[in-house]
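K.L.:
Here's a structure for you.
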Amino acid sequence: MKISLFPSLLLACLLFLAGVGKEGYAQSKIIGSVFNEKAEPIGEVLISVAGGDYIKTLRNGSFQVLPKVAKPKYEVTDFNIKGYRVKRLEGNNPFNVHVTPATQLKGKVIDKLKRNKKFTVTLQDENETEGTMTQADGFFQLNNISLSLLSDATHNLKFWVDNVLVDAKHIRFEHHNTVVYIFVPNDEKFEPDIDLSYEEAKIPEEKLTEPKEEPNKEDFLAEFSKITANLLDDRQEQQKRAKRLKTEVANLTEKLRNAKNIPAKEREDLIRYMTLMEDTFSDNDSLFSIYQAESKAEIAKMQRIIQQKDSLRNVAENKTKQVEQEKDRIEAEKKYNELQFQTRIFIFSIIVVVLVALVFLFFFYNRIIKRQRDQLQIIGNKLAEKVEEVNQQKEEILTQRDDLEQKSKQLEYAYGQMTSSIVSAERIQNAILDSPKELLARFADGFVLYYPRDIVSGDFYWCTQKDENILVGVIDCTGHGVPGAFMTMLGHSLLNYIINDQGVTHPNEVLTLLDKQVHQSLHQNSREDNYVGMDMALLCLDYKQKLVHFAGAKHYILRMSQGELTELKGAKFPIGITRFTKNGNFEEQTFPLVSGDCFYFQSDGLTDQIAEIEGKRKKFTKKRYLDFILAHYELPFAKQQKALEEDFATWKGDNMQTDDITVVGIKIT
């Protein structure tokens with residue numbers, strides 16, 4: 001019973017220790033193998049995953065490494081292998097890492113313009129892209145460049161400097177394609193065989209020679225990792241041997257249990273052999289403990305060496321600092337003495353220069369004083385002449401001022417007389433024309449908006465009743481102010497003659513006779529340069545026949561009937577004005593007279609009013625006027641007039657009124 005229990009307990013302990021250790025190590029362990037381009041394993045190379053410590057792979061290329069940061073998924077960029085470039089990954093823990101040999105590419109950007117700046121250098125082929133920033137002298141270094149790229153660099157590689165592709169003739173490779181010189185800018189001529197700046201700008205040899213590396217932390221970690229991996233392999237072998245021994249001992253125990261007749265002599269021999277087997281187990285445990293103790297002693301020795309090296313390094317660093325401080329003190333004292341000497345020399349030089357300058361200035365000052373005295377004499381004489389000239393000009397200016405004051409008074413008197421005459425003309429014009437109250441008395445509702453531009457107006461509205469016909473119209477005469485007012489008098493007189501005296505009521509006949517009378521009155525039939533006339537819209541309300549007649553001369557009116565706005569257009573030519581060719585007579589439009597219909601007459605002064613909008617000169621426009629009528633026609637005419645006045649005032653602002661403005665709105669019964 002003792003023999004079978006011992007190996008079972010030993011095996012259980014080994015399995016427990018192995019299981020606990022394995023579980024703790026495998027929490028974030030990355031395992032795999034490294035292969036070259038021919039799928040052959042690569043052993044004893046340094047590998048790091050996700051920023052972790054470097055460890056050395058085994059001879060069969062396998063590795064076990066702890067990443068610095070555990071990730072759910074690892075990419076090619078997470079694996080770093082010294083001397084190699086990772087091309088692709090296969091699998092997922094274990095990984096198959098496929099690599100290709102890599103090296104460093106050193107180079108220099110030679111600036112022909114000597115701008116003393118740092119450049120961005122980018123290398124690219126069909127599959128790889130690497131980039132870096134140069135030093136101030138143009139030197140740069142690209143790591144992990146595949147050797148296959150550099151085998152035929154002049155054909156496969158492209159370089160960009162500050163995102164500008166460099167022409168191949170401006171690139172020169174040396175040292176078996178491991179050193180490259182790039183000349184910028186591209187438009188500068190480059191002949192490397194005769195260009196002196198190329199030899200002067202070559203990279204120094206010390207930068208091209210790699211310094212001999214001493215063993216560092218990564219090297220020691222790689223060795224420690226290798227020993228740890230061997231210990232794990234040995235532990236697994238021990239587990240297998242212990243399991244095999246347990247099975248053999250258990251089988252032997254079962255055989256002893258089944259054996260029935262064992263002589264006493266044989267039982268003694270079996271007991272002796274079992275004692276020997278037990279002693280062998282004890283010897284194995286002792287040897288394992290001895291080797292383990294010796295290994296732990298070596299580990300402790302390494303720890304003491306590391307601590308001693310830290311102490312020695314600290315002492316060495318302190319001594320180095322003291323030596324450096326002493327050197328700095330001596331150097332500072334030397335510089336101070338040199339500075340004092342230079343200061344004395346500088347002060348002496350300044351004194352000498354100042355003395356020489358004072359002597360020179362003394363003689364130079366005397367010459368300048370004499371020259372200035374002569375110049376002042378000349379200037380004084382010229383000033384006296386100028387003063388005399390200015391006095392004469394002053395007298396002339398005073399005389400001219402008196403003349404201007406006299407002429408200004410004359411102009412003020414003339415302007416007052418002219419304004420007084422125009423105001424008198426305004427009273428005459430208002431007396432001849434119907435008042436808004438007289439016009440609106442003939443209709444159910446309406447309004448009159450009448451804005452002369454210059455006191456008297458070239459626009460006028462006209463209304464009369466002949467039998468059962470009411471005629472109403474708006475006339476826009478050529479010009480404004482006094483010339484326009486003259487035309488309104490002519491137009492008003494001729495309309496009275498044609499309608500009230502002659503009894504003509506159809507608008508087309510009225511316009512035809514008016515055109516003929518204007519030509520005769522202004523002698524336009526014999527004068528080709530007489531461009532005076534009228535634009536006119538005339539409406540006749542025939543209450544007897546319940547009809548409305550309309551005719552226009554280069555004018556239109558608006559009709560609002562049952563919520564629908566209609567534009568009634570007149571002829572395209574005006575009254576009078578010889579240069580217009582009148583094809584046909586003035587056409588008359590006739591339609592039923594409907595109670596409640598509204599009509600709107602307007603001169604072009606409203607729609608042509610100019611305002612400054614966002615830096616541009618714009619007109620009020622016909623569209624804006626039509627939109628206003630559609631938005632307000634349902635209101636009483638007094639409110640329509642007020643809204644139109646406010647809208648026009650807002651649009652006009654501080655701008656000058658462009659033309660005479662007349663708007664008449666009526667509602668028929």
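Lettering and numbering for the structure tokens are positional, with chains as A, B, ... in the shown order, residues counted from 1 in each chain, and ligands counted from 1 in the shown order.
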Mind checking DSSP for segment 26-71 of chain A and telling me the strand (DSSP E) residues as a list of chain:residue names?
P.N.:
A:Ile30, A:Ile31, A:Gly32, A:Ser33, A:Val34, A:Phe35, A:Leu46, A:Ile47, A:Ser48, A:Val49, A:Ile55, A:Lys56, A:Ser62, A:Phe63, A:Gln64, A:Val65
K.L.:
Kindly save the residues from that selection, with all heavy atoms included, as a compact mmCIF listing (two decimals), in the first residue's frame.
P.N.:
```txt
# COMPACT_ATOMS: atom_id res chain seq x y z
N ILE A 30 0.89 34.81 -26.09
CA ILE A 30 0.81 34.69 -27.54
C ILE A 30 1.81 33.64 -27.96
O ILE A 30 3.00 33.73 -27.62
CB ILE A 30 1.11 36.03 -28.24
CG1 ILE A 30 0.14 37.11 -27.76
CG2 ILE A 30 1.03 35.88 -29.74
CD1 ILE A 30 -1.30 36.82 -28.05
N ILE A 31 1.36 32.65 -28.70
CA ILE A 31 2.25 31.58 -29.15
C ILE A 31 2.19 31.51 -30.66
O ILE A 31 1.23 31.97 -31.29
CB ILE A 31 1.87 30.22 -28.53
CG1 ILE A 31 0.44 29.84 -28.94
CG2 ILE A 31 2.00 30.26 -27.02
CD1 ILE A 31 0.03 28.48 -28.46
N GLY A 32 3.22 30.91 -31.26
CA GLY A 32 3.25 30.76 -32.71
C GLY A 32 4.63 30.40 -33.19
O GLY A 32 5.52 30.03 -32.41
N SER A 33 4.84 30.57 -34.51
CA SER A 33 6.12 30.25 -35.14
C SER A 33 6.41 31.28 -36.21
O SER A 33 5.50 31.89 -36.78
CB SER A 33 6.08 28.84 -35.76
OG SER A 33 5.81 27.86 -34.77
N VAL A 34 7.72 31.45 -36.50
CA VAL A 34 8.17 32.42 -37.49
C VAL A 34 8.70 31.66 -38.69
O VAL A 34 9.49 30.71 -38.54
CB VAL A 34 9.25 33.35 -36.91
CG1 VAL A 34 9.70 34.35 -37.96
CG2 VAL A 34 8.72 34.07 -35.69
N PHE A 35 8.26 32.07 -39.91
CA PHE A 35 8.69 31.42 -41.14
C PHE A 35 9.21 32.46 -42.12
O PHE A 35 8.75 33.61 -42.14
CB PHE A 35 7.51 30.66 -41.79
CG PHE A 35 6.93 29.57 -40.92
CD1 PHE A 35 5.86 29.85 -40.09
CD2 PHE A 35 7.47 28.30 -40.93
CE1 PHE A 35 5.32 28.85 -39.28
CE2 PHE A 35 6.93 27.30 -40.13
CZ PHE A 35 5.87 27.57 -39.30
N LEU A 46 14.79 37.83 -32.41
CA LEU A 46 14.09 38.57 -31.36
C LEU A 46 12.71 39.01 -31.88
O LEU A 46 12.60 39.61 -32.95
CB LEU A 46 14.90 39.79 -30.94
CG LEU A 46 16.22 39.49 -30.23
CD1 LEU A 46 16.98 40.77 -29.95
CD2 LEU A 46 15.97 38.74 -28.93
N ILE A 47 11.67 38.72 -31.08
CA ILE A 47 10.30 39.04 -31.47
C ILE A 47 9.60 39.73 -30.31
O ILE A 47 9.81 39.40 -29.14
CB ILE A 47 9.52 37.78 -31.90
CG1 ILE A 47 8.10 38.18 -32.35
CG2 ILE A 47 9.48 36.73 -30.81
CD1 ILE A 47 7.34 37.04 -32.99
N SER A 48 8.74 40.73 -30.63
CA SER A 48 7.94 41.45 -29.65
C SER A 48 6.53 41.59 -30.21
O SER A 48 6.35 41.77 -31.42
CB SER A 48 8.53 42.83 -29.36
OG SER A 48 7.64 43.62 -28.61
N VAL A 49 5.51 41.52 -29.33
CA VAL A 49 4.11 41.61 -29.76
C VAL A 49 3.42 42.72 -28.96
O VAL A 49 3.48 42.74 -27.73
CB VAL A 49 3.37 40.27 -29.56
CG1 VAL A 49 1.91 40.42 -29.99
CG2 VAL A 49 4.04 39.16 -30.34
N ILE A 55 11.68 38.64 -26.95
CA ILE A 55 12.18 37.33 -26.54
C ILE A 55 12.75 36.66 -27.78
O ILE A 55 12.42 37.03 -28.92
CB ILE A 55 11.07 36.46 -25.89
CG1 ILE A 55 9.97 36.15 -26.90
CG2 ILE A 55 10.50 37.15 -24.68
CD1 ILE A 55 10.03 34.76 -27.45
N LYS A 56 13.59 35.65 -27.60
CA LYS A 56 14.23 34.96 -28.72
C LYS A 56 13.46 33.68 -29.02
O LYS A 56 13.10 32.92 -28.13
CB LYS A 56 15.68 34.65 -28.38
CG LYS A 56 16.48 34.08 -29.56
CD LYS A 56 17.93 33.88 -29.19
CE LYS A 56 18.68 35.18 -29.01
NZ LYS A 56 20.12 34.98 -28.79
N SER A 62 9.52 28.47 -33.02
CA SER A 62 8.36 28.70 -32.16
C SER A 62 8.69 29.74 -31.09
O SER A 62 9.86 29.97 -30.77
CB SER A 62 7.93 27.39 -31.50
OG SER A 62 8.96 26.88 -30.67
N PHE A 63 7.64 30.37 -30.55
CA PHE A 63 7.81 31.39 -29.51
C PHE A 63 6.60 31.42 -28.61
O PHE A 63 5.50 30.99 -28.98
CB PHE A 63 8.02 32.78 -30.15
CG PHE A 63 6.87 33.26 -30.96
CD1 PHE A 63 5.80 33.92 -30.38
CD2 PHE A 63 6.83 33.04 -32.35
CE1 PHE A 63 4.74 34.37 -31.13
CE2 PHE A 63 5.76 33.48 -33.09
CZ PHE A 63 4.71 34.15 -32.49
N GLN A 64 6.83 31.89 -27.39
CA GLN A 64 5.78 32.20 -26.41
C GLN A 64 6.12 33.55 -25.81
O GLN A 64 7.19 33.72 -25.23
CB GLN A 64 5.71 31.12 -25.32
CG GLN A 64 5.33 29.75 -25.81
CD GLN A 64 5.28 28.73 -24.69
OE1 GLN A 64 5.64 29.04 -23.56
NE2 GLN A 64 4.86 27.51 -24.99
N VAL A 65 5.24 34.55 -25.98
CA VAL A 65 5.56 35.91 -25.59
C VAL A 65 4.33 36.56 -24.97
O VAL A 65 3.20 36.26 -25.34
CB VAL A 65 6.05 36.72 -26.81
CG1 VAL A 65 4.98 36.81 -27.86
CG2 VAL A 65 6.52 38.12 -26.40
```
K.L.:
If we count only C-alpha atoms and set the cut-off at 7 Å, which residues sit around segment 555-562 of chain A, ignoring sequence neighbours fewer than 4 positions away in its own chain? Please answer as a list in words.
P.N.:
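Counting only the stated atoms, we get Asp535, Met536, Ala537, Thr566, Glu567, Leu568, Lys569, Gly570, Asp597, Cys598, Phe599, Tyr600 and Phe601 of chain A.
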K.L.:
Please produce a file of those selected residues containing all heavy atoms, as a CSV table (one decimal), in the first residue's frame.
P.N.:
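What landed in out_24.csv:
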```
chain,number,residue,atom,x,y,z
A,535,ASP,N,-48.1,109.1,-72.5
A,535,ASP,CA,-48.5,107.7,-72.3
A,535,ASP,C,-49.9,107.8,-71.5
A,535,ASP,O,-50.0,108.6,-70.6
A,535,ASP,CB,-47.5,106.9,-71.5
A,535,ASP,CG,-46.2,106.8,-72.2
A,535,ASP,OD1,-46.2,107.0,-73.4
A,535,ASP,OD2,-45.2,106.5,-71.5
A,536,MET,N,-50.9,107.0,-72.0
A,536,MET,CA,-52.2,107.3,-71.4
A,536,MET,C,-53.0,106.0,-71.3
A,536,MET,O,-52.9,105.1,-72.2
A,536,MET,CB,-52.9,108.3,-72.4
A,536,MET,CG,-54.3,108.6,-71.9
A,536,MET,SD,-55.0,109.9,-73.0
A,536,MET,CE,-56.6,110.1,-72.3
A,537,ALA,N,-53.8,105.9,-70.3
A,537,ALA,CA,-54.8,104.8,-70.1
A,537,ALA,C,-56.2,105.4,-69.9
A,537,ALA,O,-56.3,106.2,-68.9
A,537,ALA,CB,-54.4,103.9,-69.0
A,566,THR,N,-56.7,91.0,-63.6
A,566,THR,CA,-56.4,91.0,-65.1
A,566,THR,C,-55.7,92.2,-65.5
A,566,THR,O,-56.1,93.3,-65.0
A,566,THR,CB,-57.7,90.8,-65.9
A,566,THR,OG1,-58.5,89.7,-65.4
A,566,THR,CG2,-57.5,90.6,-67.3
A,567,GLU,N,-54.7,92.1,-66.4
A,567,GLU,CA,-54.0,93.2,-66.9
A,567,GLU,C,-54.6,93.6,-68.3
A,567,GLU,O,-54.6,92.7,-69.2
A,567,GLU,CB,-52.5,92.9,-67.0
A,567,GLU,CG,-51.7,94.1,-67.5
A,567,GLU,CD,-50.2,93.8,-67.7
A,567,GLU,OE1,-49.8,92.7,-67.1
A,567,GLU,OE2,-49.5,94.6,-68.3
A,568,LEU,N,-55.0,94.8,-68.4
A,568,LEU,CA,-55.6,95.3,-69.7
A,568,LEU,C,-54.5,96.2,-70.3
A,568,LEU,O,-54.2,97.3,-69.9
A,568,LEU,CB,-56.9,96.1,-69.5
A,568,LEU,CG,-58.0,95.4,-68.7
A,568,LEU,CD1,-59.2,96.3,-68.5
A,568,LEU,CD2,-58.4,94.1,-69.5
A,569,LYS,N,-53.9,95.7,-71.5
A,569,LYS,CA,-52.8,96.4,-72.1
A,569,LYS,C,-53.3,97.3,-73.2
A,569,LYS,O,-54.2,96.9,-74.0
A,569,LYS,CB,-51.8,95.4,-72.6
A,569,LYS,CG,-51.1,94.5,-71.6
A,569,LYS,CD,-50.1,93.6,-72.2
A,569,LYS,CE,-49.4,92.7,-71.1
A,569,LYS,NZ,-48.4,91.8,-71.7
A,570,GLY,N,-52.6,98.4,-73.4
A,570,GLY,CA,-52.9,99.3,-74.4
A,570,GLY,C,-52.0,99.1,-75.6
A,570,GLY,O,-51.2,98.1,-75.7
A,597,ASP,N,-66.6,95.7,-59.3
A,597,ASP,CA,-65.2,95.5,-60.0
A,597,ASP,C,-64.4,96.7,-59.6
A,597,ASP,O,-64.9,97.8,-59.4
A,597,ASP,CB,-65.4,95.5,-61.5
A,597,ASP,CG,-65.8,94.1,-62.0
A,597,ASP,OD1,-66.0,93.2,-61.1
A,597,ASP,OD2,-65.9,93.9,-63.2
A,598,CYS,N,-63.1,96.5,-59.5
A,598,CYS,CA,-62.1,97.5,-59.1
A,598,CYS,C,-61.1,97.7,-60.3
A,598,CYS,O,-60.7,96.7,-60.9
A,598,CYS,CB,-61.4,97.2,-57.9
A,598,CYS,SG,-62.4,97.0,-56.4
A,599,PHE,N,-60.7,98.9,-60.5
A,599,PHE,CA,-59.7,99.2,-61.5
A,599,PHE,C,-58.6,100.1,-60.9
A,599,PHE,O,-58.8,101.0,-60.1
A,599,PHE,CB,-60.4,100.0,-62.7
A,599,PHE,CG,-61.4,99.2,-63.4
A,599,PHE,CD1,-62.8,99.2,-63.0
A,599,PHE,CD2,-61.1,98.4,-64.5
A,599,PHE,CE1,-63.7,98.5,-63.7
A,599,PHE,CE2,-62.0,97.7,-65.2
A,599,PHE,CZ,-63.3,97.7,-64.8
A,600,TYR,N,-57.4,99.8,-61.4
A,600,TYR,CA,-56.2,100.5,-60.9
A,600,TYR,C,-55.4,101.1,-62.1
A,600,TYR,O,-55.0,100.4,-63.0
A,600,TYR,CB,-55.3,99.5,-60.1
A,600,TYR,CG,-55.9,99.0,-58.9
A,600,TYR,CD1,-56.6,97.8,-58.9
A,600,TYR,CD2,-55.8,99.6,-57.6
A,600,TYR,CE1,-57.2,97.2,-57.8
A,600,TYR,CE2,-56.3,99.1,-56.5
A,600,TYR,CZ,-57.1,97.9,-56.6
A,600,TYR,OH,-57.6,97.4,-55.4
A,601,PHE,N,-55.2,102.4,-62.0
A,601,PHE,CA,-54.4,103.2,-63.0
A,601,PHE,C,-53.1,103.6,-62.4
A,601,PHE,O,-53.1,103.9,-61.2
A,601,PHE,CB,-55.2,104.4,-63.5
A,601,PHE,CG,-56.5,104.2,-64.0
A,601,PHE,CD1,-57.6,103.9,-63.2
A,601,PHE,CD2,-56.7,104.3,-65.4
A,601,PHE,CE1,-58.9,103.7,-63.8
A,601,PHE,CE2,-58.0,104.1,-65.9
A,601,PHE,CZ,-59.1,103.8,-65.1
```
K.L.:
Have a look at A:Gln377, A:Thr120, A:Thr488, A:Asn177 and name the one nearest to Asn430 of chain A; count only C-alpha atoms.
P.N.:
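Residue with the minimum atom-to-atom distance to Asn430 of chain A: A:Thr488.
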K.L.:
Please provide as a list of chain:residue names all residues within 8 Å of Gln104 of chain A, with the sequence filter that same-chain residues fewer than 2 positions apart are discarded (counting only C-alpha atoms).
P.N.:
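Surrounding residues, per the criterion: A:Ala102, A:Lys106, A:Gln141, A:Leu142, A:Asn143, A:Asn144, A:Ile145, A:Thr178.
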K.L.:
Can you tell me which residues surround Lys622 of chain A at a distance of at most 10 Å, considering only C-alpha atoms, apart from same-chain residues fewer than 4 positions away, and format the answer as a PDB file with N, CA and C atoms, in the first residue's frame?
P.N.:
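For reference, around_7.pdb as written:
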```pdb
ATOM      1  N   ASP A 604     -45.649 105.047 -64.764  1.00  0.00           N
ATOM      2  CA  ASP A 604     -44.470 104.189 -64.566  1.00  0.00           C
ATOM      3  C   ASP A 604     -43.513 104.732 -63.504  1.00  0.00           C
ATOM      4  N   LEU A 606     -43.982 104.789 -60.337  1.00  0.00           N
ATOM      5  CA  LEU A 606     -43.984 103.901 -59.174  1.00  0.00           C
ATOM      6  C   LEU A 606     -43.055 102.713 -59.404  1.00  0.00           C
ATOM      7  N   THR A 607     -43.254 101.981 -60.517  1.00  0.00           N
ATOM      8  CA  THR A 607     -42.484 100.754 -60.745  1.00  0.00           C
ATOM      9  C   THR A 607     -41.030 101.048 -61.096  1.00  0.00           C
ATOM     10  N   ASP A 608     -40.720 102.263 -61.570  1.00  0.00           N
ATOM     11  CA  ASP A 608     -39.338 102.610 -61.936  1.00  0.00           C
ATOM     12  C   ASP A 608     -38.552 103.236 -60.792  1.00  0.00           C
ATOM     13  N   LEU A 626     -47.866  94.269 -58.574  1.00  0.00           N
ATOM     14  CA  LEU A 626     -48.962  93.313 -58.740  1.00  0.00           C
ATOM     15  C   LEU A 626     -49.149  92.483 -57.478  1.00  0.00           C
ATOM     16  N   ASP A 627     -48.042  92.049 -56.854  1.00  0.00           N
ATOM     17  CA  ASP A 627     -48.129  91.278 -55.607  1.00  0.00           C
ATOM     18  C   ASP A 627     -48.814  92.105 -54.516  1.00  0.00           C
ATOM     19  N   PHE A 628     -48.535  93.411 -54.497  1.00  0.00           N
ATOM     20  CA  PHE A 628     -49.174  94.277 -53.500  1.00  0.00           C
ATOM     21  C   PHE A 628     -50.691  94.320 -53.712  1.00  0.00           C
TER      22      PHE A 628
END
```
K.L.:
Which polymer residues have any atom within 7 Å of an atom of Ala136 of chain A, counting only C-alpha atoms, with same-chain residues fewer than 4 positions away left out, as a ChimeraX atom specification?
P.N.:
/A:116-118
K.L.:
So the first atom is atom CA of Thr320 of chain A and the second is atom CA of Gln308 of chain A; what is the distance between them in Å, to one decimal place?
P.N.:
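Distance between the two atoms: 17.9 Å.
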K.L.:
Do you know which residues are at most 12 Å from Gln135 of chain A counting only C-alpha atoms, after dropping those on the same chain fewer than 2 positions away, and could you put them as a count of residues only?
P.N.:
17
K.L.:
Which parts of segment 494-669 of chain A does DSSP call alpha helix (DSSP H) when run on the backbone here, written out as a VMD selection string?
P.N.:
chain A and resid 494 to 495 507 to 521 604 to 607 622 to 632 637 to 652
K.L.:
Can you spit out the residues from that selection as an mmCIF file, in the first residue's frame, using C-alpha atoms?
P.N.:
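After the write, selection.cif holds the following:
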```cif
data_model
loop_
_atom_site.group_PDB
_atom_site.id
_atom_site.type_symbol
_atom_site.label_atom_id
_atom_site.label_comp_id
_atom_site.auth_asym_id
_atom_site.auth_seq_id
_atom_site.Cartn_x
_atom_site.Cartn_y
_atom_site.Cartn_z
ATOM 1 C CA LEU A 494 -57.381 118.800 -75.630
ATOM 2 C CA LEU A 495 -59.305 116.139 -73.631
ATOM 3 C CA PRO A 507 -61.579 105.661 -75.689
ATOM 4 C CA ASN A 508 -60.002 104.547 -78.988
ATOM 5 C CA GLU A 509 -61.521 107.495 -80.846
ATOM 6 C CA VAL A 510 -60.483 109.886 -78.061
ATOM 7 C CA LEU A 511 -56.844 108.652 -78.242
ATOM 8 C CA THR A 512 -56.803 108.890 -82.054
ATOM 9 C CA LEU A 513 -58.067 112.498 -82.046
ATOM 10 C CA LEU A 514 -55.757 113.400 -79.152
ATOM 11 C CA ASP A 515 -52.741 112.026 -81.053
ATOM 12 C CA LYS A 516 -53.683 114.116 -84.102
ATOM 13 C CA GLN A 517 -54.221 117.279 -82.029
ATOM 14 C CA VAL A 518 -50.848 116.843 -80.209
ATOM 15 C CA HIS A 519 -49.043 116.500 -83.559
ATOM 16 C CA GLN A 520 -50.732 119.664 -84.842
ATOM 17 C CA SER A 521 -50.243 121.672 -81.638
ATOM 18 C CA ASP A 604 -44.470 104.189 -64.566
ATOM 19 C CA GLY A 605 -42.952 106.424 -61.874
ATOM 20 C CA LEU A 606 -43.984 103.901 -59.174
ATOM 21 C CA THR A 607 -42.484 100.754 -60.745
ATOM 22 C CA LYS A 622 -44.164 95.752 -61.841
ATOM 23 C CA LYS A 623 -44.151 92.316 -60.161
ATOM 24 C CA ARG A 624 -43.855 93.869 -56.701
ATOM 25 C CA TYR A 625 -46.770 96.205 -57.545
ATOM 26 C CA LEU A 626 -48.962 93.313 -58.740
ATOM 27 C CA ASP A 627 -48.129 91.278 -55.607
ATOM 28 C CA PHE A 628 -49.174 94.277 -53.500
ATOM 29 C CA ILE A 629 -52.570 94.563 -55.247
ATOM 30 C CA LEU A 630 -53.238 90.818 -54.804
ATOM 31 C CA ALA A 631 -52.359 91.036 -51.100
ATOM 32 C CA HIS A 632 -54.485 94.151 -50.285
ATOM 33 C CA PHE A 637 -59.391 101.737 -50.457
ATOM 34 C CA ALA A 638 -58.275 104.171 -47.731
ATOM 35 C CA LYS A 639 -56.294 101.356 -46.076
ATOM 36 C CA GLN A 640 -54.970 100.249 -49.468
ATOM 37 C CA GLN A 641 -53.685 103.787 -50.057
ATOM 38 C CA LYS A 642 -52.028 103.935 -46.628
ATOM 39 C CA ALA A 643 -50.379 100.524 -47.097
ATOM 40 C CA LEU A 644 -49.093 101.508 -50.572
ATOM 41 C CA GLU A 645 -47.700 104.805 -49.230
ATOM 42 C CA GLU A 646 -45.876 102.947 -46.425
ATOM 43 C CA ASP A 647 -44.546 100.259 -48.763
ATOM 44 C CA PHE A 648 -43.288 102.890 -51.217
ATOM 45 C CA ALA A 649 -41.693 104.993 -48.440
ATOM 46 C CA THR A 650 -39.908 101.908 -47.067
ATOM 47 C CA TRP A 651 -38.595 101.000 -50.517
ATOM 48 C CA LYS A 652 -37.515 104.539 -51.428
#
```
K.L.:
Which distance in Å separates atom CA of Phe550 of chain A and atom CA of Thr505 of chain A, to one decimal?
P.N.:
10.7 Å
K.L.:
With only C-alpha atoms as the basis for distance, which of A:Gln609, A:Glu223, A:Leu565, A:Gly51 is at the shortest distance from Thr621 of chain A?
P.N.:
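Under the stated criterion, the closest residue is A:Gln609.
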K.L.:
One decimal, Å: what's the distance from atom CA of Leu593 of chain A over to atom CA of Asn496 of chain A, could you say?
P.N.:
24.5 Å
